[in-house]
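Notes to accompany the following structure.
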Amino acid sequence: MAASRRRRRGVTTIAATVAAAALTAGLTTGCDAVNKALDCVQTADSIADSVTDLQQAVENASADPAQLDASLAAIDKNLDKIGDKTDNADVNKAVDDLNKAVANVRASIRNGDNTPDVSPVTDAAGELTKVCTS
């Protein structure tokens, strides 16, 4: 629980920093850029929450295998949102990488692995957060 609170606090701090930077950029580039930056950060935050849920689902896979699929579906939904809202090449690459990592986890589950390695998903989500905040 404490690690989750620290991560959320860190994401909140990142979101505030990005929001401030986006607002400053908005003075010279307009509201559209601000909205896109905030959408990216908010969606990356949602994805980070979904990745945390996925990690917990893997830990509890024997008790509730459906939780794995629900976590993956939440990540997919958020990836669709962010992919539709940006034309930034770095963000799109990070989204593609995260999609591939999620697909690999799904394939592992289909092949009978109830505790797949989700570290590539975690890494790709971290990269997405990084490009959304740079």
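Ligands are numbered from 1 in the order shown, chains are lettered A, B, ... in the order of the structure tokens, and residues start at 1 in each chain.
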Taking 5 positions as the minimum chain separation for residues in the same chain, which residues sit within 9 Å of Thr122 in chain A when counting only C-alpha atoms? Answer as a list of chain:residue names.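 Near Thr122 in chain A, the qualifying residues are A:Ala48, A:Val51, A:Thr52, A:Gln55, A:Leu98, A:Ala101, A:Glu127.
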Take the residues just selected and output them with C-alpha atoms as a PDB file, in the first residue's frame.
ATOM      1  CA  ALA A  48       0.119   3.542 -14.468  1.00  0.00           C
ATOM      2  CA  VAL A  51      -0.267  -1.493 -14.587  1.00  0.00           C
ATOM      3  CA  THR A  52      -0.309  -1.524 -10.782  1.00  0.00           C
ATOM      4  CA  GLN A  55       0.895  -6.483 -11.130  1.00  0.00           C
ATOM      5  CA  LEU A  98       3.096  -0.759 -24.589  1.00  0.00           C
ATOM      6  CA  ALA A 101       4.027  -5.674 -24.260  1.00  0.00           C
ATOM      7  CA  GLU A 127       8.533   5.156 -21.024  1.00  0.00           C
TER       8      GLU A 127
END
